[in-house]
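To be precise, the following lines are entry.txt, and they hold compact mmCIF, C-alpha atoms.
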```txt
# COMPACT_ATOMS: atom_id res chain seq x y z
CA MET S 1 0.00 0.00 0.00
CA ASP S 2 0.97 3.63 -0.46
CA LYS S 3 1.74 5.56 2.71
CA THR S 4 0.36 8.80 4.04
CA LYS S 5 2.69 9.95 6.79
CA VAL S 6 0.93 11.39 9.82
CA GLY S 7 2.07 13.56 12.73
CA ILE S 8 0.46 14.02 16.14
CA ILE S 9 0.90 17.16 18.25
CA GLY S 10 0.04 16.32 21.85
CA LEU S 11 0.09 12.78 23.20
CA GLY S 12 -2.31 13.15 26.09
CA THR S 13 -5.44 11.08 26.59
CA VAL S 14 -6.85 11.56 23.09
CA GLY S 15 -3.48 11.67 21.34
CA SER S 16 -2.48 8.35 22.90
CA GLY S 17 -5.75 6.84 21.73
CA VAL S 18 -5.12 8.06 18.18
CA ALA S 19 -1.62 6.57 18.25
CA ARG S 20 -2.98 3.24 19.44
CA LEU S 21 -5.55 3.10 16.63
CA LEU S 22 -2.93 3.94 14.01
CA LEU S 23 -0.34 1.51 15.32
CA ASP S 24 -2.49 -1.42 16.48
CA TYR S 25 -5.15 -1.34 13.80
CA GLY S 26 -3.25 -0.27 10.70
CA ASP S 27 -4.94 -2.99 8.63
CA ARG S 28 -8.34 -1.55 9.51
CA THR S 29 -7.46 2.07 8.76
CA GLY S 30 -5.61 0.98 5.62
CA ARG S 31 -8.66 -0.89 4.37
CA HIS S 32 -10.81 2.24 4.70
CA ALA S 33 -8.20 4.66 3.41
CA GLY S 34 -6.77 2.52 0.64
CA ARG S 35 -3.34 3.41 2.00
CA THR S 36 -1.34 3.03 5.19
CA LEU S 37 -1.64 5.86 7.69
CA TRP S 38 1.95 5.85 8.91
CA LEU S 39 2.63 7.51 12.27
CA GLU S 40 5.87 9.33 11.58
CA LYS S 41 6.20 11.72 14.54
CA ALA S 42 4.45 12.47 17.82
CA VAL S 43 5.38 15.78 19.48
CA VAL S 44 5.22 16.15 23.26
CA ARG S 45 6.51 18.59 25.86
CA ASP S 46 8.01 15.99 28.21
CA LEU S 47 9.80 13.02 26.70
CA ASP S 48 10.04 11.26 30.06
CA LYS S 49 6.33 11.27 30.88
CA ALA S 50 4.61 7.88 30.92
CA ARG S 51 2.43 7.27 27.83
CA ASP S 52 -0.70 5.22 27.35
CA CYS S 53 0.73 3.66 24.17
CA ASP S 54 3.90 1.98 22.93
CA LEU S 55 5.60 3.96 20.18
CA PRO S 56 8.25 2.70 17.75
CA ALA S 57 11.75 4.09 18.21
CA GLY S 58 12.25 7.50 16.71
CA VAL S 59 8.57 8.52 16.68
CA LEU S 60 8.49 10.52 19.93
CA THR S 61 10.03 14.00 19.91
CA ASP S 62 9.81 17.29 21.78
CA ASP S 63 10.82 19.31 18.71
CA ILE S 64 7.86 20.46 16.63
CA ASP S 65 10.22 21.43 13.82
CA GLU S 66 10.64 17.70 13.11
CA VAL S 67 7.03 17.85 11.90
CA LEU S 68 6.99 21.35 10.41
CA SER S 69 10.14 20.82 8.35
CA ASN S 70 9.31 17.31 7.14
CA PRO S 71 7.60 17.57 3.72
CA GLU S 72 6.70 13.87 3.83
CA ILE S 73 4.28 14.43 6.74
CA GLU S 74 1.07 15.39 4.93
CA VAL S 75 -1.52 15.52 7.69
CA VAL S 76 -1.22 16.34 11.40
CA ALA S 77 -3.60 15.67 14.29
CA GLN S 78 -3.29 18.77 16.47
CA LEU S 79 -4.54 17.54 19.84
CA ILE S 80 -3.59 20.13 22.43
CA GLY S 81 -6.30 22.12 24.16
CA GLY S 82 -6.81 25.78 24.96
CA LEU S 83 -6.24 28.80 22.74
CA GLU S 84 -2.47 29.30 22.92
CA PRO S 85 -0.12 27.88 21.85
CA ALA S 86 -2.79 25.85 19.96
CA ARG S 87 -3.65 28.73 17.62
CA THR S 88 -0.03 29.52 16.78
CA ILE S 89 0.79 25.85 16.21
CA MET S 90 -2.23 25.42 13.95
CA LEU S 91 -1.14 28.38 11.80
CA LYS S 92 2.42 27.06 11.59
CA LEU S 93 1.18 23.63 10.51
CA LEU S 94 -0.96 25.13 7.75
CA GLU S 95 1.88 27.40 6.60
CA SER S 96 4.25 24.43 6.43
CA GLY S 97 1.91 22.68 3.99
CA LYS S 98 0.08 20.33 6.35
CA ASP S 99 -3.61 19.49 6.42
CA VAL S 100 -4.84 19.53 10.01
CA VAL S 101 -7.25 17.46 12.10
CA THR S 102 -8.28 18.90 15.47
CA ALA S 103 -10.47 18.12 18.47
CA ASN S 104 -10.13 21.61 19.98
CA LYS S 105 -13.63 23.12 20.06
CA ALA S 106 -12.53 26.18 22.08
CA LEU S 107 -9.99 27.06 19.39
CA LEU S 108 -12.54 26.77 16.58
CA ALA S 109 -15.25 28.62 18.48
CA GLN S 110 -12.87 31.52 19.19
CA HIS S 111 -10.60 31.61 16.12
CA GLY S 112 -12.50 29.65 13.46
CA PRO S 113 -12.72 32.52 10.92
CA GLU S 114 -9.00 33.30 11.12
CA LEU S 115 -7.89 29.67 10.90
CA PHE S 116 -10.24 28.64 8.12
CA ASP S 117 -9.47 31.73 6.04
CA ARG S 118 -5.75 31.02 6.37
CA ALA S 119 -6.24 27.37 5.41
CA ARG S 120 -8.12 28.42 2.28
CA GLU S 121 -5.43 30.92 1.34
CA LEU S 122 -2.81 28.17 1.58
CA GLY S 123 -4.85 25.48 -0.16
CA ARG S 124 -5.00 23.36 2.98
CA SER S 125 -7.90 21.83 4.95
CA ILE S 126 -9.04 21.54 8.57
CA ALA S 127 -11.16 18.60 9.80
CA PHE S 128 -12.85 18.79 13.19
CA GLU S 129 -15.34 15.96 13.76
CA ALA S 130 -13.90 15.29 17.22
CA SER S 131 -14.47 18.87 18.39
CA VAL S 132 -18.17 18.28 19.15
CA ALA S 133 -19.74 15.27 20.91
CA GLY S 134 -16.69 13.00 20.88
CA GLY S 135 -17.41 9.82 18.97
CA ILE S 136 -20.82 10.90 17.66
CA PRO S 137 -20.45 11.74 13.94
CA ILE S 138 -22.55 14.90 14.15
CA ILE S 139 -20.27 17.17 12.08
CA ALA S 140 -20.29 14.84 9.06
CA ASN S 141 -24.01 14.24 9.33
CA ILE S 142 -24.96 17.91 9.46
CA GLY S 143 -22.35 19.08 6.96
CA GLN S 144 -22.76 16.29 4.43
CA CYS S 145 -25.41 13.64 5.01
CA LEU S 146 -28.20 16.15 5.70
CA SER S 147 -27.20 18.61 2.98
CA ALA S 148 -30.55 18.11 1.19
CA ASN S 149 -32.31 19.56 4.24
CA GLN S 150 -32.90 22.90 5.80
CA ILE S 151 -32.14 22.15 9.43
CA GLU S 152 -35.05 23.54 11.43
CA SER S 153 -33.86 22.87 14.96
CA LEU S 154 -31.07 21.32 16.95
CA PHE S 155 -31.38 20.41 20.62
CA GLY S 156 -28.31 18.92 22.26
CA ILE S 157 -26.95 17.46 25.47
CA LEU S 158 -23.37 18.39 24.64
CA ASN S 159 -21.50 18.08 27.93
CA GLY S 160 -21.06 14.66 29.52
CA THR S 161 -19.82 16.03 32.85
CA SER S 162 -22.97 18.06 33.42
CA ASN S 163 -25.19 15.22 32.27
CA PHE S 164 -23.50 12.79 34.66
CA ILE S 165 -24.00 15.21 37.56
CA LEU S 166 -27.68 15.80 36.73
CA SER S 167 -28.30 12.07 36.26
CA GLU S 168 -26.86 11.31 39.70
CA MET S 169 -28.90 14.09 41.29
CA HIS S 170 -32.06 12.63 39.73
CA GLU S 171 -31.36 8.97 40.36
CA ASN S 172 -29.88 9.19 43.87
CA GLY S 173 -30.99 12.57 45.19
CA THR S 174 -27.35 13.52 45.78
CA ALA S 175 -26.46 17.18 46.28
CA TYR S 176 -24.63 18.94 43.46
CA ALA S 177 -21.35 19.43 45.36
CA ASP S 178 -21.17 15.74 46.32
CA VAL S 179 -21.83 14.53 42.76
CA LEU S 180 -19.24 16.93 41.37
CA ALA S 181 -16.63 15.46 43.73
CA GLU S 182 -17.62 11.96 42.59
CA ALA S 183 -17.36 13.02 38.93
CA GLN S 184 -13.83 14.28 39.57
CA GLU S 185 -12.86 11.01 41.25
CA LEU S 186 -14.20 9.02 38.28
CA GLY S 187 -12.42 11.22 35.76
CA TYR S 188 -15.62 12.67 34.28
CA ALA S 189 -14.78 16.16 35.54
CA GLU S 190 -11.53 18.11 35.51
CA ALA S 191 -9.85 19.41 38.65
CA ASP S 192 -11.22 22.79 37.53
CA PRO S 193 -14.67 21.91 36.14
CA THR S 194 -15.77 25.49 35.47
CA MET S 195 -16.06 25.26 31.68
CA ASP S 196 -18.25 22.17 31.99
CA VAL S 197 -20.62 23.20 34.76
CA ASP S 198 -21.09 26.87 33.86
CA GLY S 199 -22.23 25.98 30.34
CA SER S 200 -19.18 27.34 28.47
CA ASP S 201 -18.12 24.01 26.97
CA ALA S 202 -21.60 23.28 25.62
CA THR S 203 -21.90 26.83 24.31
CA GLN S 204 -18.65 26.58 22.34
CA LYS S 205 -19.92 23.37 20.75
CA LEU S 206 -23.28 24.98 20.01
CA ALA S 207 -21.56 27.87 18.23
CA ILE S 208 -19.81 25.37 15.94
CA LEU S 209 -23.00 23.42 15.24
CA ALA S 210 -25.02 26.59 14.64
CA HIS S 211 -22.51 27.74 12.07
CA LEU S 212 -22.50 24.36 10.35
CA ALA S 213 -26.28 23.85 10.39
CA PHE S 214 -27.53 27.41 9.87
CA GLY S 215 -24.61 29.45 8.58
CA ALA S 216 -24.72 31.57 11.74
CA ARG S 217 -21.57 33.47 12.67
CA VAL S 218 -21.83 34.29 16.33
CA ASP S 219 -19.23 34.74 19.04
CA TRP S 220 -19.85 31.89 21.47
CA GLN S 221 -19.50 34.33 24.36
CA ASP S 222 -22.53 36.23 23.04
CA ILE S 223 -24.77 33.17 23.26
CA PRO S 224 -26.90 33.35 26.44
CA ARG S 225 -25.90 30.58 28.81
CA THR S 226 -26.68 29.37 32.31
CA GLY S 227 -24.86 26.48 33.92
CA ILE S 228 -25.83 23.86 36.49
CA ASP S 229 -23.43 25.07 39.18
CA ASN S 230 -26.20 26.73 41.21
CA LEU S 231 -28.81 24.01 40.78
CA ASP S 232 -30.46 22.73 43.95
CA VAL S 233 -31.36 19.07 44.31
CA ALA S 234 -34.79 20.28 45.47
CA ASP S 235 -35.50 21.53 41.94
CA VAL S 236 -34.60 18.10 40.58
CA GLN S 237 -37.13 16.56 42.94
CA TYR S 238 -39.87 19.07 42.10
CA ALA S 239 -39.27 18.53 38.39
CA GLU S 240 -39.70 14.78 38.81
CA GLU S 241 -42.88 15.31 40.80
CA MET S 242 -44.26 17.26 37.85
CA GLY S 243 -43.18 14.63 35.32
CA TYR S 244 -39.89 16.15 34.10
CA THR S 245 -36.15 15.68 34.28
CA ILE S 246 -33.54 18.47 34.12
CA LYS S 247 -30.84 18.53 31.43
CA LEU S 248 -28.30 21.14 30.39
CA LEU S 249 -29.74 21.76 26.93
CA ALA S 250 -28.13 23.56 24.00
CA VAL S 251 -30.76 25.02 21.68
CA ALA S 252 -30.51 26.28 18.11
CA GLN S 253 -33.77 26.61 16.22
CA LEU S 254 -35.14 28.74 13.45
CA VAL S 255 -37.97 31.04 14.50
CA ASP S 256 -39.69 33.92 12.70
CA GLU S 257 -37.30 36.42 14.28
CA GLY S 258 -34.09 34.56 13.32
CA LEU S 259 -32.12 31.87 15.10
CA GLU S 260 -32.85 31.14 18.75
CA LEU S 261 -29.62 30.24 20.53
CA HIS S 262 -29.00 29.49 24.20
CA VAL S 263 -27.67 26.94 26.69
CA SER S 264 -29.46 26.44 30.00
CA PRO S 265 -30.83 23.89 32.45
CA THR S 266 -34.14 22.78 30.98
CA LEU S 267 -37.03 20.62 32.15
CA LEU S 268 -37.67 17.83 29.63
CA LYS S 269 -40.77 15.64 29.73
CA LEU S 270 -39.99 12.18 31.12
CA GLY S 271 -40.09 9.53 28.44
CA THR S 272 -38.94 11.80 25.62
CA PRO S 273 -35.66 10.79 23.91
CA LEU S 274 -33.37 13.49 25.30
CA ALA S 275 -34.83 13.15 28.79
CA GLU S 276 -33.70 9.51 28.87
CA VAL S 277 -30.02 10.28 28.11
CA SER S 278 -28.23 9.31 31.31
CA GLY S 279 -24.70 9.43 32.65
CA PRO S 280 -21.73 10.94 30.80
CA PHE S 281 -23.36 10.60 27.38
CA ASN S 282 -24.22 13.15 24.70
CA ALA S 283 -27.21 13.31 22.37
CA ILE S 284 -28.35 15.69 19.66
CA ARG S 285 -31.87 15.81 18.26
CA VAL S 286 -31.94 17.33 14.78
CA ILE S 287 -35.02 18.14 12.71
CA GLY S 288 -34.62 18.61 8.96
CA ASP S 289 -37.44 19.77 6.71
CA ALA S 290 -37.06 16.73 4.45
CA VAL S 291 -35.84 13.95 6.74
CA GLY S 292 -37.79 14.90 9.88
CA PRO S 293 -36.50 14.22 13.42
CA LEU S 294 -33.23 12.36 13.98
CA LEU S 295 -31.44 11.47 17.21
CA PHE S 296 -27.67 11.05 17.49
CA TYR S 297 -26.51 9.42 20.72
CA GLY S 298 -23.24 8.15 22.14
CA ALA S 299 -20.11 8.83 24.15
CA GLY S 300 -19.41 12.55 23.95
CA ALA S 301 -15.90 12.34 25.40
CA GLY S 302 -13.30 9.84 26.50
CA GLN S 303 -10.11 8.53 24.99
CA MET S 304 -11.22 6.04 22.38
CA PRO S 305 -14.54 7.61 21.28
CA THR S 306 -12.77 10.90 20.58
CA ALA S 307 -9.79 9.12 19.03
CA SER S 308 -12.25 7.31 16.76
CA ALA S 309 -13.47 10.63 15.37
CA VAL S 310 -9.90 11.94 14.93
CA VAL S 311 -8.78 8.87 13.00
CA ALA S 312 -11.89 9.02 10.81
CA ASP S 313 -10.88 12.58 9.91
CA LEU S 314 -7.31 11.43 9.21
CA ILE S 315 -8.68 8.81 6.83
CA ASP S 316 -10.97 11.32 5.08
CA THR S 317 -8.06 13.73 4.72
CA ALA S 318 -5.71 11.06 3.34
CA VAL S 319 -8.35 9.91 0.82
CA GLY S 320 -9.13 13.47 -0.28
CA ARG S 321 -12.70 13.74 0.94
CA THR S 322 -11.86 16.47 3.46
CA GLU S 323 -10.34 18.67 0.75
CA ILE S 324 -13.54 18.47 -1.32
CA THR S 325 -15.93 19.20 1.55
CA PHE S 326 -13.67 21.89 3.00
CA LYS S 327 -13.72 23.82 -0.26
CA THR S 328 -17.42 23.26 -0.85
CA LEU S 329 -18.75 24.20 2.59
CA GLU S 330 -16.63 27.38 2.88
CA LEU S 331 -16.99 27.31 6.65
CA TRP S 332 -16.26 30.55 8.50
CA SER S 333 -15.80 32.28 5.15
CA ASN S 334 -16.40 35.95 4.42
CA ARG S 335 -19.79 35.16 2.95
CA GLN S 336 -22.66 36.94 4.66
CA ALA S 337 -24.24 34.90 7.42
CA ARG S 338 -27.37 33.10 6.21
CA VAL S 339 -29.15 33.74 9.49
CA THR S 340 -28.58 35.92 12.56
CA ALA S 341 -29.36 35.27 16.21
CA ASN S 342 -32.68 36.64 17.41
CA ASP S 343 -33.27 38.84 20.43
CA TYR S 344 -33.09 36.38 23.30
CA ALA S 345 -35.74 38.31 25.22
CA GLN S 346 -38.22 37.44 22.45
CA ALA S 347 -37.56 33.68 22.60
CA LYS S 348 -40.80 31.88 23.40
CA GLY S 349 -41.40 28.96 25.70
CA ARG S 350 -42.73 27.73 29.00
CA PHE S 351 -40.90 28.25 32.28
CA TYR S 352 -40.42 26.60 35.66
CA ILE S 353 -40.22 29.12 38.51
CA ARG S 354 -39.42 28.28 42.11
CA ALA S 355 -39.37 30.73 45.00
CA ASN S 356 -39.02 30.04 48.70
CA VAL S 357 -41.68 32.21 50.30
CA GLN S 358 -42.99 33.05 53.76
CA ASP S 359 -45.92 30.92 54.82
CA HIS S 360 -48.67 33.50 55.19
CA PRO S 361 -51.87 34.42 53.32
CA GLY S 362 -51.68 36.47 50.12
CA VAL S 363 -48.23 35.42 48.91
CA LEU S 364 -49.50 33.34 45.99
CA ALA S 365 -51.81 36.17 44.94
CA GLN S 366 -48.88 38.60 45.09
CA VAL S 367 -46.76 36.34 42.89
CA ALA S 368 -49.63 35.76 40.45
CA THR S 369 -50.18 39.51 40.17
CA ALA S 370 -46.51 40.09 39.31
CA LEU S 371 -46.70 37.44 36.60
CA GLY S 372 -49.94 38.92 35.31
CA ARG S 373 -48.38 42.34 34.93
CA GLN S 374 -46.04 40.78 32.33
CA GLU S 375 -48.92 38.80 30.81
CA VAL S 376 -47.39 35.53 32.02
CA SER S 377 -50.12 32.94 32.57
CA ILE S 378 -49.84 30.20 35.21
CA ALA S 379 -50.34 26.63 33.97
CA SER S 380 -49.87 24.83 37.31
CA VAL S 381 -48.75 25.36 40.89
CA LEU S 382 -46.94 22.98 43.24
CA GLN S 383 -46.85 23.99 46.89
CA HIS S 384 -45.82 21.77 49.81
CA GLU S 385 -46.44 22.50 53.45
CA ALA S 386 -43.60 24.12 55.34
CA ASP S 387 -41.36 21.84 57.36
CA GLU S 388 -42.25 21.61 61.03
CA GLY S 389 -40.95 24.65 62.83
CA SER S 390 -40.31 26.54 59.59
CA HIS S 391 -42.26 29.44 58.14
CA ILE S 392 -40.70 29.12 54.69
CA LEU S 393 -42.13 26.91 51.94
CA PRO S 394 -41.32 26.35 48.26
CA LEU S 395 -43.72 27.77 45.69
CA VAL S 396 -43.25 26.11 42.30
CA ILE S 397 -45.01 27.48 39.23
CA MET S 398 -45.18 26.21 35.66
CA THR S 399 -46.15 28.88 33.14
CA HIS S 400 -47.93 28.75 29.82
CA GLU S 401 -45.93 29.90 26.80
CA THR S 402 -44.52 33.39 27.14
CA THR S 403 -41.34 35.21 26.18
CA GLU S 404 -38.03 34.93 27.98
CA GLY S 405 -38.05 38.69 28.53
CA ALA S 406 -41.49 38.70 30.14
CA ALA S 407 -40.59 35.79 32.41
CA ALA S 408 -37.33 37.50 33.39
CA LYS S 409 -39.07 40.79 34.28
CA ALA S 410 -41.75 39.03 36.31
CA CYS S 411 -39.16 37.00 38.20
CA GLU S 412 -37.09 40.10 38.91
CA GLU S 413 -40.14 41.71 40.55
CA ILE S 414 -41.02 38.55 42.49
CA ALA S 415 -37.47 38.23 43.79
CA SER S 416 -37.74 41.73 45.26
CA PHE S 417 -40.72 40.86 47.49
CA GLU S 418 -40.04 40.75 51.23
CA SER S 419 -41.96 37.47 51.35
CA VAL S 420 -39.40 35.78 49.05
CA GLN S 421 -36.39 34.28 50.80
CA GLY S 422 -33.15 33.45 49.02
CA SER S 423 -32.59 33.12 45.29
CA LEU S 424 -35.40 32.58 42.81
CA VAL S 425 -34.93 29.79 40.24
CA ARG S 426 -36.17 29.95 36.64
CA MET S 427 -35.66 27.30 33.94
CA TRP S 428 -36.98 26.57 30.47
CA VAL S 429 -39.54 23.79 29.99
CA ARG S 430 -39.63 21.63 26.84
CA ASP S 431 -42.36 19.06 26.31
```
Target format structure tokens, applied to this file:
Amino acid sequence: MDKTKVGIIGLGTVGSGVARLLLDYGDRTGRHAGRTLWLEKAVVRDLDKARDCDLPAGVLTDDIDEVLSNPEIEVVAQLIGGLEPARTIMLKLLESGKDVVTANKALLAQHGPELFDRARELGRSIAFEASVAGGIPIIANIGQCLSANQIESLFGILNGTSNFILSEMHENGTAYADVLAEAQELGYAEADPTMDVDGSDATQKLAILAHLAFGARVDWQDIPRTGIDNLDVADVQYAEEMGYTIKLLAVAQLVDEGLELHVSPTLLKLGTPLAEVSGPFNAIRVIGDAVGPLLFYGAGAGQMPTASAVVADLIDTAVGRTEITFKTLELWSNRQARVTANDYAQAKGRFYIRANVQDHPGVLAQVATALGRQEVSIASVLQHEADEGSHILPLVIMTHETTEGAAAKACEEIASFESVQGSLVRMWVRD
């Protein structure tokens, strides 16, 4: 077989998995690529660090110039995280004549236009299936397999850490802080889990998917987002009592006013497909105008699922498929955006509202009046008796459809009442 020589930058968890697939299953990758994907060099910072793979002599190096200056290395898997030096390395790889495969969603969400424009100028390509939802082939499906469709909506559970935490809170009634510690022990959460639990990770992935599916060009930091880091296990229990489960949901859907985009904890009706996604898994529900609803489900992170997506991109690049789709899709090009994000305040939906209120007559009427002033209609009310010796009880309200702005204004007024104790909670509801 002919050879396509491959480089890897970064031999961490995912990089080691990619190396193992290339070295241990060369017959498999060769069968799909019609050529041998030959691992020529793997660049690391520390040569003495223990690796989760056995490399042939001469492959490991701490000198990136051994990749940049080698014209025989045609494609490189750039597998380091963060923005810098990842951005600089990506540009150097492109400028040295390499096609690039990456799993770095933060880099694409922040610097996609610059990197893709530079790749086009140089006649190179960037493949990025592994940047969203790990082993789930969502990039290829939206960008290629569903190209006959106008995507109408995309709802995704895009962060496995958050989904694991919420699943444990639902299934075992465990407090958020305790589940987070367990997730860190199991390796589902980083030592600093901020990007996962505050919604940033899911939002970066949503920005990529929104661009691919709708042609939207939006800074991920401008997408409204709320994380799960302030979620109380009591809200999980009240949601279940009302027939719902809570998921951190990424939303992109076409509405009359443009493209609705946001990431937030959301009540999903029990028994619906996304509501049943448990543990550290991802799922994306896509509706196309021709194909109808589709559900993509699987491991959204982890060594081998993500490595699977990287190697698939390496194969596509070696065969030449990436070059064709890269040119055709013109991602992050200077073309005018096909759709723009709508005013988030005008986004329509139902809401869950929970306030801890003083147990005395007239409070419910006061809350209902505040909602009424914003023309927010109450669909149902859940109110338990106060615990013995306490004069504070939870008041849980489910609204009819309204706008996000109206719900926000009503909740701001309710939170100011002397009868309301502590923070007020508001979440989207999807049936």
Looking at all atoms listed in the file, which of S:Phe417, S:Phe326, S:Phe214, S:Tyr25 is the one that sits closest to Ile151 of chain S?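 Selected residue with least distance to Ile151 of chain S: S:Phe214.
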Considering all atoms listed in the file, return as a PyMOL selection string whatever protein or nucleic-acid residues lie within 12 Å of Val179 of chain S, sequence-local ones (same chain, fewer than 6 positions apart) excluded. chain S and resi 161-173+185-186+188-189+197+228-229+231-233+279
Straight-line distance linking atom CA of Gln358 of chain S with atom CA of His384 of chain S, stated in Å to one decimal: 12.3 Å
Need to verify the contact set: Leu248 of chain S, 9 Å, only C-alpha atoms, exclusion of same-chain residues closer than 6 positions in sequence. Can you return it as an MDAnalysis selection string? chainID S and resid 156:159 162:163 166 199 202 226:228 263:267
Could you pull out every residue with an atom within 8 Å of (-25.0, 33.8, 9.8), file coordinates, counting all atoms listed in the file, and send them as a VMD selection string? chain S and resid 211 214 to 218 336 to 341
Using all atoms listed in the file, which residue out of S:Lys41, S:Arg350, S:Arg35, S:Lys5 lies closest to Val319 of chain S? S:Arg35
Could you please determine the separation between atom CA of Ala307 of chain S and atom CA of Gly123 of chain S in Å, to one decimal place?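 Atom CA of Gly123 of chain S lies at a distance of 25.7 Å from atom CA of Ala307 of chain S.
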d(atom CA of Ser419 of chain S, atom CA of Pro361 of chain S) in Å: 10.6 Å
Around all listed atoms of segment 384-402 of chain S, padded 8 Å per side, what centre and edge lengths does the axis-aligned box have in Å to one decimal, as AutoDock Vina command-line options?
```
--center_x -44.1 --center_y 27.5 --center_z 44.8 --size_x 23.6 --size_y 27.8 --size_z 52.0
```
For Arg426 of chain S: contacts at 7 Å, all atoms listed in the file, fewer than 5 positions along chain excluded, given as a PyMOL selection string: chain S and resi 351-354
Please return, as a PyMOL selection string, all polymer residues that have at least one atom within 10 Å of the point (9.8, 17.6, 14.8); use all atoms listed in the file and the file's own coordinate frame. chain S and resi 7+9+40-44+59-70
